[in-house]
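As provided, query.pdb (PDB, C-alpha atoms and all ligand atoms) reads as follows.
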ATOM      1  CA  MET A1223      75.560 -56.855-103.099
ATOM      2  CA  GLU A1224      75.019 -57.735 -99.426
ATOM      3  CA  LEU A1225      71.985 -55.927 -97.977
ATOM      4  CA  GLY A1226      72.904 -56.694 -94.367
ATOM      5  CA  LEU A1227      69.311 -57.452 -93.412
ATOM      6  CA  SER A1228      69.819 -60.842 -91.790
ATOM      7  CA  GLY A1229      68.229 -60.783 -88.315
ATOM      8  CA  LYS A1230      67.098 -57.149 -88.595
ATOM      9  CA  SER A1231      63.662 -56.332 -87.209
ATOM     10  CA  VAL A1232      61.377 -54.702 -89.773
ATOM     11  CA  LEU A1233      57.906 -53.229 -89.220
ATOM     12  CA  VAL A1234      55.867 -52.792 -92.402
ATOM     13  CA  THR A1235      52.535 -50.997 -91.955
ATOM     14  CA  GLY A1236      49.579 -51.762 -94.224
ATOM     15  CA  ALA A1237      51.089 -55.078 -95.295
ATOM     16  CA  SER A1238      47.985 -57.203 -95.902
ATOM     17  CA  SER A1239      47.961 -56.207 -99.579
ATOM     18  CA  GLY A1240      49.696 -54.337-102.398
ATOM     19  CA  ILE A1241      53.050 -52.601-101.964
ATOM     20  CA  GLY A1242      53.251 -53.320 -98.215
ATOM     21  CA  ARG A1243      52.715 -57.039 -98.687
ATOM     22  CA  ALA A1244      55.331 -57.254-101.466
ATOM     23  CA  THR A1245      57.764 -55.286 -99.265
ATOM     24  CA  ALA A1246      57.277 -57.539 -96.235
ATOM     25  CA  ARG A1247      57.887 -60.616 -98.377
ATOM     26  CA  LEU A1248      61.068 -59.191 -99.877
ATOM     27  CA  PHE A1249      62.508 -58.152 -96.482
ATOM     28  CA  ALA A1250      61.797 -61.671 -95.195
ATOM     29  CA  ASP A1251      63.464 -63.215 -98.268
ATOM     30  CA  GLU A1252      66.561 -61.178 -97.317
ATOM     31  CA  GLY A1253      66.628 -62.730 -93.823
ATOM     32  CA  ALA A1254      64.883 -59.968 -91.845
ATOM     33  CA  LYS A1255      62.334 -60.723 -89.104
ATOM     34  CA  VAL A1256      59.174 -58.994 -90.223
ATOM     35  CA  ALA A1257      56.076 -57.610 -88.486
ATOM     36  CA  LEU A1258      53.138 -56.877 -90.786
ATOM     37  CA  THR A1259      50.296 -54.608 -89.744
ATOM     38  CA  TYR A1260      46.678 -54.751 -90.841
ATOM     39  CA  ARG A1261      43.635 -52.691 -89.949
ATOM     40  CA  GLY A1262      40.562 -54.508 -91.326
ATOM     41  CA  ASN A1263      42.044 -57.259 -93.504
ATOM     42  CA  LYS A1264      43.347 -59.721 -90.909
ATOM     43  CA  ASP A1265      42.981 -62.652 -93.337
ATOM     44  CA  GLY A1266      45.171 -60.880 -95.899
ATOM     45  CA  ALA A1267      47.878 -60.255 -93.290
ATOM     46  CA  GLN A1268      47.709 -63.834 -92.023
ATOM     47  CA  SER A1269      47.994 -65.227 -95.534
ATOM     48  CA  ALA A1270      51.043 -62.974 -96.113
ATOM     49  CA  VAL A1271      52.603 -64.320 -92.882
ATOM     50  CA  ALA A1272      51.876 -67.912 -93.956
ATOM     51  CA  GLU A1273      53.478 -67.246 -97.357
ATOM     52  CA  ILE A1274      56.621 -65.878 -95.675
ATOM     53  CA  GLU A1275      56.798 -68.825 -93.262
ATOM     54  CA  ARG A1276      56.385 -71.333 -96.102
ATOM     55  CA  ALA A1277      59.414 -69.708 -97.722
ATOM     56  CA  GLY A1278      61.400 -70.203 -94.475
ATOM     57  CA  GLY A1279      61.054 -66.638 -93.144
ATOM     58  CA  THR A1280      60.025 -65.178 -89.777
ATOM     59  CA  ALA A1281      56.919 -62.993 -89.532
ATOM     60  CA  PHE A1282      53.831 -62.159 -87.518
ATOM     61  CA  ALA A1283      50.841 -59.875 -88.033
ATOM     62  CA  THR A1284      49.535 -57.274 -85.612
ATOM     63  CA  ARG A1285      46.628 -54.823 -85.691
ATOM     64  CA  TYR A1286      47.439 -51.154 -86.249
ATOM     65  CA  ASP A1287      45.134 -48.256 -87.041
ATOM     66  CA  LEU A1288      46.677 -44.939 -88.088
ATOM     67  CA  ALA A1289      43.738 -43.131 -86.481
ATOM     68  CA  ASP A1290      44.153 -44.869 -83.091
ATOM     69  CA  PRO A1291      47.345 -43.937 -81.176
ATOM     70  CA  GLY A1292      46.727 -46.739 -78.653
ATOM     71  CA  SER A1293      46.786 -49.359 -81.406
ATOM     72  CA  ILE A1294      49.991 -47.825 -82.816
ATOM     73  CA  ARG A1295      51.787 -48.028 -79.462
ATOM     74  CA  ALA A1296      50.525 -51.591 -78.927
ATOM     75  CA  ALA A1297      51.739 -52.688 -82.374
ATOM     76  CA  VAL A1298      55.222 -51.210 -81.844
ATOM     77  CA  GLU A1299      55.440 -52.786 -78.374
ATOM     78  CA  ALA A1300      54.469 -56.162 -79.872
ATOM     79  CA  VAL A1301      57.394 -55.899 -82.318
ATOM     80  CA  ILE A1302      59.836 -54.857 -79.577
ATOM     81  CA  ASP A1303      58.652 -57.791 -77.402
ATOM     82  CA  ALA A1304      58.961 -60.274 -80.255
ATOM     83  CA  TYR A1305      62.202 -59.112 -81.891
ATOM     84  CA  GLY A1306      63.940 -56.966 -79.242
ATOM     85  CA  GLY A1307      63.534 -53.648 -81.093
ATOM     86  CA  VAL A1308      62.653 -52.053 -84.408
ATOM     87  CA  ASP A1309      65.517 -51.547 -86.880
ATOM     88  CA  VAL A1310      63.467 -50.550 -89.913
ATOM     89  CA  LEU A1311      60.072 -48.875 -90.183
ATOM     90  CA  VAL A1312      58.275 -48.870 -93.528
ATOM     91  CA  ALA A1313      55.390 -46.402 -93.121
ATOM     92  CA  ASN A1314      53.256 -47.621 -95.994
ATOM     93  CA  ALA A1315      49.691 -47.754 -94.636
ATOM     94  CA  SER A1316      47.309 -45.136 -95.977
ATOM     95  CA  PRO A1317      43.541 -44.731 -95.754
ATOM     96  CA  TRP A1318      43.383 -43.367 -99.307
ATOM     97  CA  SER A1319      42.047 -45.823-101.861
ATOM     98  CA  GLY A1320      42.546 -43.927-105.102
ATOM     99  CA  PRO A1321      41.012 -40.875-106.763
ATOM    100  CA  ARG A1322      37.206 -40.418-106.898
ATOM    101  CA  MET A1323      36.194 -40.786-110.529
ATOM    102  CA  PRO A1324      34.969 -38.568-112.093
ATOM    103  CA  PHE A1325      37.139 -35.965-110.339
ATOM    104  CA  ARG A1326      35.328 -33.843-107.726
ATOM    105  CA  ALA A1327      35.434 -30.087-107.276
ATOM    106  CA  PHE A1328      37.387 -29.061-104.166
ATOM    107  CA  GLU A1329      34.284 -27.188-102.919
ATOM    108  CA  ASP A1330      32.541 -30.575-102.618
ATOM    109  CA  VAL A1331      35.182 -32.124-100.347
ATOM    110  CA  PRO A1332      33.849 -32.398 -96.774
ATOM    111  CA  VAL A1333      36.096 -31.029 -94.036
ATOM    112  CA  GLU A1334      35.755 -34.374 -92.213
ATOM    113  CA  GLU A1335      37.560 -36.046 -95.111
ATOM    114  CA  TRP A1336      40.385 -33.491 -94.949
ATOM    115  CA  GLN A1337      40.697 -33.943 -91.179
ATOM    116  CA  GLY A1338      40.533 -37.754 -91.379
ATOM    117  CA  GLN A1339      43.198 -37.982 -94.085
ATOM    118  CA  LEU A1340      45.659 -35.614 -92.370
ATOM    119  CA  ARG A1341      45.007 -37.150 -88.992
ATOM    120  CA  ALA A1342      45.653 -40.672 -90.234
ATOM    121  CA  GLU A1343      48.580 -40.028 -92.546
ATOM    122  CA  LEU A1344      50.458 -37.326 -90.584
ATOM    123  CA  GLU A1345      49.390 -37.832 -86.983
ATOM    124  CA  GLY A1346      49.669 -41.598 -87.541
ATOM    125  CA  ALA A1347      53.278 -41.066 -88.690
ATOM    126  CA  PHE A1348      53.910 -38.831 -85.663
ATOM    127  CA  HIS A1349      52.768 -41.494 -83.187
ATOM    128  CA  THR A1350      54.509 -44.328 -85.015
ATOM    129  CA  VAL A1351      57.852 -42.537 -85.217
ATOM    130  CA  GLN A1352      57.675 -41.455 -81.564
ATOM    131  CA  ALA A1353      57.105 -45.085 -80.588
ATOM    132  CA  VAL A1354      59.904 -46.466 -82.785
ATOM    133  CA  LEU A1355      62.675 -43.852 -82.609
ATOM    134  CA  PRO A1356      63.989 -44.595 -79.074
ATOM    135  CA  SER A1357      64.626 -48.204 -80.096
ATOM    136  CA  MET A1358      66.665 -47.087 -83.125
ATOM    137  CA  LYS A1359      68.592 -44.382 -81.259
ATOM    138  CA  SER A1360      69.529 -46.787 -78.459
ATOM    139  CA  ARG A1361      70.968 -49.212 -81.040
ATOM    140  CA  GLY A1362      72.704 -46.445 -82.990
ATOM    141  CA  TRP A1363      71.148 -47.743 -86.218
ATOM    142  CA  GLY A1364      67.805 -47.362 -87.958
ATOM    143  CA  ARG A1365      66.067 -46.835 -91.265
ATOM    144  CA  PHE A1366      62.751 -45.065 -91.941
ATOM    145  CA  VAL A1367      61.100 -45.436 -95.328
ATOM    146  CA  PHE A1368      57.917 -43.400 -95.824
ATOM    147  CA  VAL A1369      55.694 -44.257 -98.763
ATOM    148  CA  SER A1370      54.461 -41.026-100.321
ATOM    149  CA  ALA A1371      53.226 -40.520-103.912
ATOM    150  CA  ALA A1372      54.862 -39.088-107.038
ATOM    151  CA  VAL A1373      51.569 -37.368-107.885
ATOM    152  CA  VAL A1374      52.431 -34.823-105.151
ATOM    153  CA  ARG A1375      54.341 -33.059-107.965
ATOM    154  CA  SER A1376      51.237 -32.483-110.113
ATOM    155  CA  GLY A1377      48.178 -32.902-107.859
ATOM    156  CA  ILE A1378      44.790 -34.545-108.484
ATOM    157  CA  PRO A1379      41.588 -32.453-108.578
ATOM    158  CA  GLY A1380      39.462 -33.065-105.486
ATOM    159  CA  GLU A1381      42.235 -35.035-103.725
ATOM    160  CA  GLU A1382      43.845 -32.072-101.987
ATOM    161  CA  ALA A1383      43.760 -33.816 -98.608
ATOM    162  CA  PHE A1384      45.639 -36.857 -99.912
ATOM    163  CA  ILE A1385      48.207 -34.734-101.759
ATOM    164  CA  ALA A1386      48.743 -32.397 -98.788
ATOM    165  CA  SER A1387      49.214 -35.329 -96.396
ATOM    166  CA  LYS A1388      51.690 -37.112 -98.693
ATOM    167  CA  ALA A1389      53.623 -33.841 -99.192
ATOM    168  CA  GLY A1390      53.641 -33.421 -95.414
ATOM    169  CA  LEU A1391      55.231 -36.855 -95.057
ATOM    170  CA  GLN A1392      58.050 -35.737 -97.351
ATOM    171  CA  ALA A1393      58.809 -32.690 -95.173
ATOM    172  CA  PHE A1394      58.510 -34.788 -92.021
ATOM    173  CA  SER A1395      60.982 -37.371 -93.335
ATOM    174  CA  ARG A1396      63.487 -34.683 -94.373
ATOM    175  CA  THR A1397      63.370 -33.200 -90.880
ATOM    176  CA  LEU A1398      63.611 -36.599 -89.196
ATOM    177  CA  ALA A1399      66.769 -37.221 -91.238
ATOM    178  CA  ARG A1400      68.300 -34.108 -89.582
ATOM    179  CA  GLU A1401      66.963 -35.054 -86.161
ATOM    180  CA  ALA A1402      68.388 -38.575 -86.086
ATOM    181  CA  GLY A1403      71.207 -38.699 -88.645
ATOM    182  CA  GLU A1404      74.010 -38.538 -86.099
ATOM    183  CA  ASP A1405      72.428 -41.489 -84.266
ATOM    184  CA  GLY A1406      72.913 -43.677 -87.357
ATOM    185  CA  VAL A1407      69.256 -43.338 -88.380
ATOM    186  CA  LEU A1408      68.433 -42.574 -92.023
ATOM    187  CA  SER A1409      65.035 -41.399 -93.294
ATOM    188  CA  VAL A1410      63.961 -41.627 -96.920
ATOM    189  CA  VAL A1411      60.725 -41.274 -98.879
ATOM    190  CA  VAL A1412      59.752 -43.632-101.688
ATOM    191  CA  SER A1413      57.204 -42.062-104.014
ATOM    192  CA  PRO A1414      55.471 -44.534-106.315
ATOM    193  CA  GLY A1415      53.783 -43.568-109.541
ATOM    194  CA  THR A1416      50.610 -45.410-110.517
ATOM    195  CA  THR A1417      51.267 -48.950-109.322
ATOM    196  CA  ALA A1418      49.291 -52.011-110.333
ATOM    197  CA  THR A1419      47.854 -52.938-106.923
ATOM    198  CA  ASP A1420      44.304 -54.237-106.423
ATOM    199  CA  THR A1421      43.365 -50.971-104.696
ATOM    200  CA  MET A1422      44.500 -48.850-107.627
ATOM    201  CA  ARG A1423      42.894 -51.171-110.201
ATOM    202  CA  ARG A1424      39.587 -50.894-108.311
ATOM    203  CA  ALA A1425      39.830 -47.089-108.221
ATOM    204  CA  LEU A1426      40.636 -46.463-111.879
ATOM    205  CA  PRO A1427      38.282 -47.248-114.757
ATOM    206  CA  ALA A1428      39.828 -49.371-117.546
ATOM    207  CA  GLY A1429      40.477 -46.518-119.994
ATOM    208  CA  MET A1430      42.196 -44.485-117.288
ATOM    209  CA  ILE A1431      44.602 -47.301-116.386
ATOM    210  CA  GLU A1432      45.769 -47.486-120.003
ATOM    211  CA  LYS A1433      46.190 -43.703-120.137
ATOM    212  CA  MET A1434      48.314 -43.724-116.966
ATOM    213  CA  ALA A1435      50.446 -46.552-118.363
ATOM    214  CA  ALA A1436      50.985 -44.694-121.647
ATOM    215  CA  SER A1437      52.082 -41.536-119.818
ATOM    216  CA  ALA A1438      55.132 -43.309-118.325
ATOM    217  CA  ALA A1439      58.435 -43.295-120.241
ATOM    218  CA  THR A1440      58.443 -47.095-119.984
ATOM    219  CA  GLY A1441      54.861 -47.254-121.324
ATOM    220  CA  ARG A1442      53.544 -49.353-118.438
ATOM    221  CA  LEU A1443      52.465 -49.209-114.800
ATOM    222  CA  THR A1444      54.910 -49.931-111.981
ATOM    223  CA  THR A1445      54.499 -53.271-110.194
ATOM    224  CA  PRO A1446      54.267 -53.536-106.372
ATOM    225  CA  GLU A1447      57.475 -55.623-106.407
ATOM    226  CA  GLU A1448      59.379 -52.840-108.201
ATOM    227  CA  VAL A1449      58.407 -50.363-105.474
ATOM    228  CA  ALA A1450      59.257 -52.976-102.824
ATOM    229  CA  ARG A1451      62.779 -53.439-104.208
ATOM    230  CA  ALA A1452      63.507 -49.708-103.806
ATOM    231  CA  ILE A1453      62.087 -49.736-100.266
ATOM    232  CA  VAL A1454      64.133 -52.771 -99.247
ATOM    233  CA  PHE A1455      67.379 -51.311-100.579
ATOM    234  CA  LEU A1456      66.802 -47.945 -98.860
ATOM    235  CA  GLY A1457      65.818 -49.723 -95.641
ATOM    236  CA  SER A1458      68.937 -51.895 -95.639
ATOM    237  CA  ALA A1459      72.525 -51.578 -94.453
ATOM    238  CA  ALA A1460      73.502 -51.310 -98.135
ATOM    239  CA  ASN A1461      72.029 -47.828 -97.930
ATOM    240  CA  GLY A1462      74.953 -46.216 -96.192
ATOM    241  CA  ASN A1463      74.277 -42.500 -96.513
ATOM    242  CA  ILE A1464      71.093 -41.836 -98.523
ATOM    243  CA  THR A1465      68.833 -39.791 -96.269
ATOM    244  CA  GLY A1466      66.489 -36.784 -96.286
ATOM    245  CA  THR A1467      65.574 -37.355 -99.899
ATOM    246  CA  ILE A1468      62.841 -38.736-102.162
ATOM    247  CA  VAL A1469      63.214 -41.687-104.507
ATOM    248  CA  GLU A1470      60.527 -41.988-107.176
ATOM    249  CA  VAL A1471      59.538 -45.309-108.729
ATOM    250  CA  THR A1472      57.322 -44.224-111.609
ATOM    251  CA  GLY A1473      58.598 -45.582-114.917
ATOM    252  CA  GLY A1474      59.439 -41.951-115.737
ATOM    253  CA  THR A1475      56.419 -39.651-115.487
TER     254      THR A1475
HETATM  255  N1  LIG B1501      49.122 -48.034-105.915
HETATM  256  C1  LIG B1501      49.459 -46.815-106.342
HETATM  257  O1  LIG B1501      49.290 -46.459-107.521
HETATM  258  C2  LIG B1501      50.091 -45.822-105.391
HETATM  259  C3  LIG B1501      50.606 -44.638-105.916
HETATM  260  C4  LIG B1501      51.178 -43.711-105.049
HETATM  261  C5  LIG B1501      51.275 -43.989-103.707
HETATM  262  N2  LIG B1501      50.767 -45.154-103.225
HETATM  263  C6  LIG B1501      50.897 -45.398-101.778
HETATM  264  O2  LIG B1501      51.428 -46.694-101.567
HETATM  265  C7  LIG B1501      50.956 -47.212-100.324
HETATM  266  C8  LIG B1501      50.368 -48.594-100.534
HETATM  267  O3  LIG B1501      49.269 -48.501-101.431
HETATM  268  P1  LIG B1501      48.701 -49.785-102.215
HETATM  269  O4  LIG B1501      48.397 -49.343-103.591
HETATM  270  O5  LIG B1501      49.583 -50.968-101.988
HETATM  271  O6  LIG B1501      47.271 -49.958-101.519
HETATM  272  P2  LIG B1501      46.710 -51.002-100.452
HETATM  273  O7  LIG B1501      45.280 -50.613-100.261
HETATM  274  O8  LIG B1501      47.000 -52.396-100.895
HETATM  275  O9  LIG B1501      47.563 -50.698 -99.136
HETATM  276  C9  LIG B1501      47.193 -49.737 -98.164
HETATM  277  C10 LIG B1501      47.212 -50.424 -96.818
HETATM  278  O10 LIG B1501      46.924 -49.451 -95.794
HETATM  279  C11 LIG B1501      46.029 -50.042 -94.862
HETATM  280  N3  LIG B1501      45.237 -49.009 -94.182
HETATM  281  C12 LIG B1501      44.238 -48.249 -94.695
HETATM  282  N4  LIG B1501      43.768 -47.403 -93.755
HETATM  283  C13 LIG B1501      44.482 -47.636 -92.636
HETATM  284  C14 LIG B1501      44.455 -47.096 -91.329
HETATM  285  N5  LIG B1501      43.589 -46.133 -90.963
HETATM  286  N6  LIG B1501      45.335 -47.580 -90.423
HETATM  287  C15 LIG B1501      46.204 -48.535 -90.751
HETATM  288  N7  LIG B1501      46.265 -49.106 -91.969
HETATM  289  C16 LIG B1501      45.417 -48.654 -92.899
HETATM  290  C17 LIG B1501      45.151 -50.962 -95.677
HETATM  291  O11 LIG B1501      44.584 -51.946 -94.858
HETATM  292  C18 LIG B1501      46.167 -51.516 -96.693
HETATM  293  O12 LIG B1501      46.785 -52.672 -96.189
HETATM  294  C19 LIG B1501      49.961 -46.171 -99.785
HETATM  295  O13 LIG B1501      50.620 -45.313 -98.879
HETATM  296  C20 LIG B1501      49.570 -45.407-101.046
HETATM  297  O14 LIG B1501      49.104 -44.099-100.774
HETATM  298  C21 LIG B1501      50.189 -46.087-104.031
END
When written as structure tokens, how does the structure in this file appear?
Amino acid sequence: MELGLSGKSVLVTGASSGIGRATARLFADEGAKVALTYRGNKDGAQSAVAEIERAGGTAFATRYDLADPGSIRAAVEAVIDAYGGVDVLVANASPWSGPRMPFRAFEDVPVEEWQGQLRAELEGAFHTVQAVLPSMKSRGWGRFVFVSAAVVRSGIPGEEAFIASKAGLQAFSRTLAREAGEDGVLSVVVSPGTTATDTMRRALPAGMIEKMAASAATGRLTTPEEVARAIVFLGSAANGNITGTIVEVTGGT
């Protein structure tokens, strides 16, 4: 199947590690020109760019902080300057680094954490989409892929802020699909289940990782590359009319 990604401009946020890094690599392998964002881990982003270039792809890294609207606008402008526009946005970056173990009581969650999470995840998406959408509308083609979380269905004690922000992204994407559909712009959410990234492995104690794996129908965790493959398909021209919906990559949980 032809994905139609050759020469497309793709912005992947939070791409110095994990799912974002695997996604950037896969888009580049399909011939897209890729911009990877990092916040603190510049070395990780630069090593991802070097890996893509070694494989014959086109990529650069730019700083982007969900909590800093100025850095968001600057990152999007850097992509437009370099590649002439943004065809695909993968909104993958997230300040959340896994559940606090043991689980906390909601009463112990500081309001600053709630505000910080919603501000980064939802307001960050607001600013990023406002910066990117005119470029897509003017070309009459675009794809948004928001990375949410399958655990929105069940919740995690003490992680109400994370769950609420990821659920908010789902509603935002559904509405964006209505807003921009007639301009040729599709908007989809990919919701991973527990995925074997370094961040998740650091967050979960060994026994918990095995429990999560056993709870999937496939009996194992999802890999970052498996999530990336869903993102790349949904962000491609091969996705002709899938929009306003959620695709879970969980192994069946
Ligand atoms: N790994 C899982 O089990 C899992 C499950 C469900 C959802 N997710 C979601 O998948 C996405 C990727 O997660 P991952 O597991 O690859 O983790 P990761 O830590 O490798 O990736 C998160 C990225 O976001 C960046 N980031 C953090 N705070 C930021 C900020 N304020 N501004 C800009 N960038 C920031 C980090 O630098 C990092 O590159 C996240 O949205 C996460 O919530 C992951």
Point to revise | Given 8 Å and only C-alpha atoms and all ligand atoms, residues near ligand LIG 1501 (chain B) as a PyMOL selection string | key: chain A and resi 1235-1243+1259-1263+1286-1290+1313-1320+1342+1346+1369-1373+1388+1413-1422+1444+1446
Practice item. Might you spell out which residues the PyMOL selection byres (((chain A and resi 1443) around 12) and not hetatm) would select in the displayed file, as a count of residues only? Key: 32
Quick one: 5 Å padding each side, axis-aligned, all listed atoms of segment 1232-1243 of chain A - centre and edge lengths in Å to one decimal, as AutoDock Vina command-line options?
--center_x 54.7 --center_y -54.1 --center_z -95.8 --size_x 23.4 --size_y 16.2 --size_z 23.2
Check your understanding: Written as a PyMOL selection string, what is the full residue list that the PyMOL selection byres (((chain A and resi 1279) around 10) and not hetatm) yields on the file shown?
Key -> chain A and resi 1247+1249-1256+1271-1278+1280-1281
Exercise for review: Considering only C-alpha atoms, state which residue in the set A:Gln1352, A:Ser1458, A:Thr1245, A:Ser1360 is at the smallest distance from Leu1408 of chain A.
Suggested key: A:Ser1458
**Study point:** Among the residues A:Ser1395, A:Ser1269, A:Ser1228, A:Thr1467, the one that comes closest to Val1351 of chain A [using only C-alpha atoms]
**Key:**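 Checking each of A:Ser1395, A:Ser1269, A:Ser1228, A:Thr1467 against Val1351 of chain A, counting only C-alpha atoms, the winner is A:Ser1395.
Residue nearest Pro1332 of chain A within the list A:His1349, A:Glu1381, A:Ser1357, A:Glu1299: A:Glu1381 [criterion: smallest interatomic distance, only C-alpha atoms].
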Excluding Ala1399 of chain A and its own-chain neighbours fewer than 2 positions away, which residues fall within 9 Å of it when counting only C-alpha atoms? Please give them as an mmCIF file with C-alpha atoms, in the frame of the given file.
data_model
loop_
_atom_site.group_PDB
_atom_site.id
_atom_site.type_symbol
_atom_site.label_atom_id
_atom_site.label_comp_id
_atom_site.auth_asym_id
_atom_site.auth_seq_id
_atom_site.Cartn_x
_atom_site.Cartn_y
_atom_site.Cartn_z
ATOM 1 C CA PHE A 1366 62.751 -45.065 -91.941
ATOM 2 C CA PHE A 1394 58.510 -34.788 -92.021
ATOM 3 C CA SER A 1395 60.982 -37.371 -93.335
ATOM 4 C CA ARG A 1396 63.487 -34.683 -94.373
ATOM 5 C CA THR A 1397 63.370 -33.200 -90.880
ATOM 6 C CA GLU A 1401 66.963 -35.054 -86.161
ATOM 7 C CA ALA A 1402 68.388 -38.575 -86.086
ATOM 8 C CA GLY A 1403 71.207 -38.699 -88.645
ATOM 9 C CA GLU A 1404 74.010 -38.538 -86.099
ATOM 10 C CA VAL A 1407 69.256 -43.338 -88.380
ATOM 11 C CA LEU A 1408 68.433 -42.574 -92.023
ATOM 12 C CA SER A 1409 65.035 -41.399 -93.294
ATOM 13 C CA VAL A 1410 63.961 -41.627 -96.920
ATOM 14 C CA THR A 1465 68.833 -39.791 -96.269
ATOM 15 C CA GLY A 1466 66.489 -36.784 -96.286
ATOM 16 C CA THR A 1467 65.574 -37.355 -99.899
#
Exercise for review: Run through the PyMOL selection byres (((chain A and resi 1358) around 10) and not hetatm) on the given coordinates and return the selected residues as a list in words.
Suggested key: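 Applying the expression gives Gly1307, Val1308, Asp1309, Val1310, Leu1311, Val1354, Leu1355, Pro1356, Ser1357, Lys1359, Ser1360, Arg1361, Gly1362, Trp1363, Gly1364, Arg1365, Phe1366, Ala1402, Asp1405, Gly1406 and Val1407 of chain A.
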Exercise for review: Calculate how many Å separate atom CA of Val1298 of chain A from atom CA of Arg1400 of chain A, rounding to one decimal.
Suggested key: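 Spanning atom CA of Val1298 of chain A to atom CA of Arg1400 of chain A is a straight-line distance of 22.9 Å.
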Exercise for review: One decimal, Å: what's the distance from atom CA of Trp1336 of chain A over to atom CA of Ala1383 of chain A, could you say?
Suggested key: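 Spanning atom CA of Trp1336 of chain A to atom CA of Ala1383 of chain A is a straight-line distance of 5.0 Å.
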Exercise for review: Give me, please, the distance in Å between atom CA of Ile1453 of chain A and atom CA of Val1412 of chain A, quoted to one decimal.
Suggested key: 6.7 Å
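Between Ser1376 of chain A and the residues A:Gln1337, A:Asp1303, A:Ala1389, A:Ala1283, the shortest atom-to-atom distance, using all atoms listed in the file, involves A:Ala1389.
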Pull out segment 1232-1243 of chain A, keep C-alpha atoms, and write it as a PDB file, in the first residue's frame.
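Okay, this is what ended up in selection-v6.pdb:
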ATOM      1  CA  VAL A1232       5.762  16.131   9.486  1.00  0.00           C
ATOM      2  CA  LEU A1233       6.134  17.663  12.955  1.00  0.00           C
ATOM      3  CA  VAL A1234       6.462  15.117  15.762  1.00  0.00           C
ATOM      4  CA  THR A1235       6.477  16.581  19.281  1.00  0.00           C
ATOM      5  CA  GLY A1236       8.363  14.868  22.106  1.00  0.00           C
ATOM      6  CA  ALA A1237      10.493  12.890  19.663  1.00  0.00           C
ATOM      7  CA  SER A1238      13.771  12.539  21.573  1.00  0.00           C
ATOM      8  CA  SER A1239      12.627   9.210  23.027  1.00  0.00           C
ATOM      9  CA  GLY A1240       9.954   6.508  23.116  1.00  0.00           C
ATOM     10  CA  ILE A1241       6.887   6.565  20.869  1.00  0.00           C
ATOM     11  CA  GLY A1242       7.711   9.981  19.364  1.00  0.00           C
ATOM     12  CA  ARG A1243      11.200   8.921  18.340  1.00  0.00           C
TER      13      ARG A1243
END
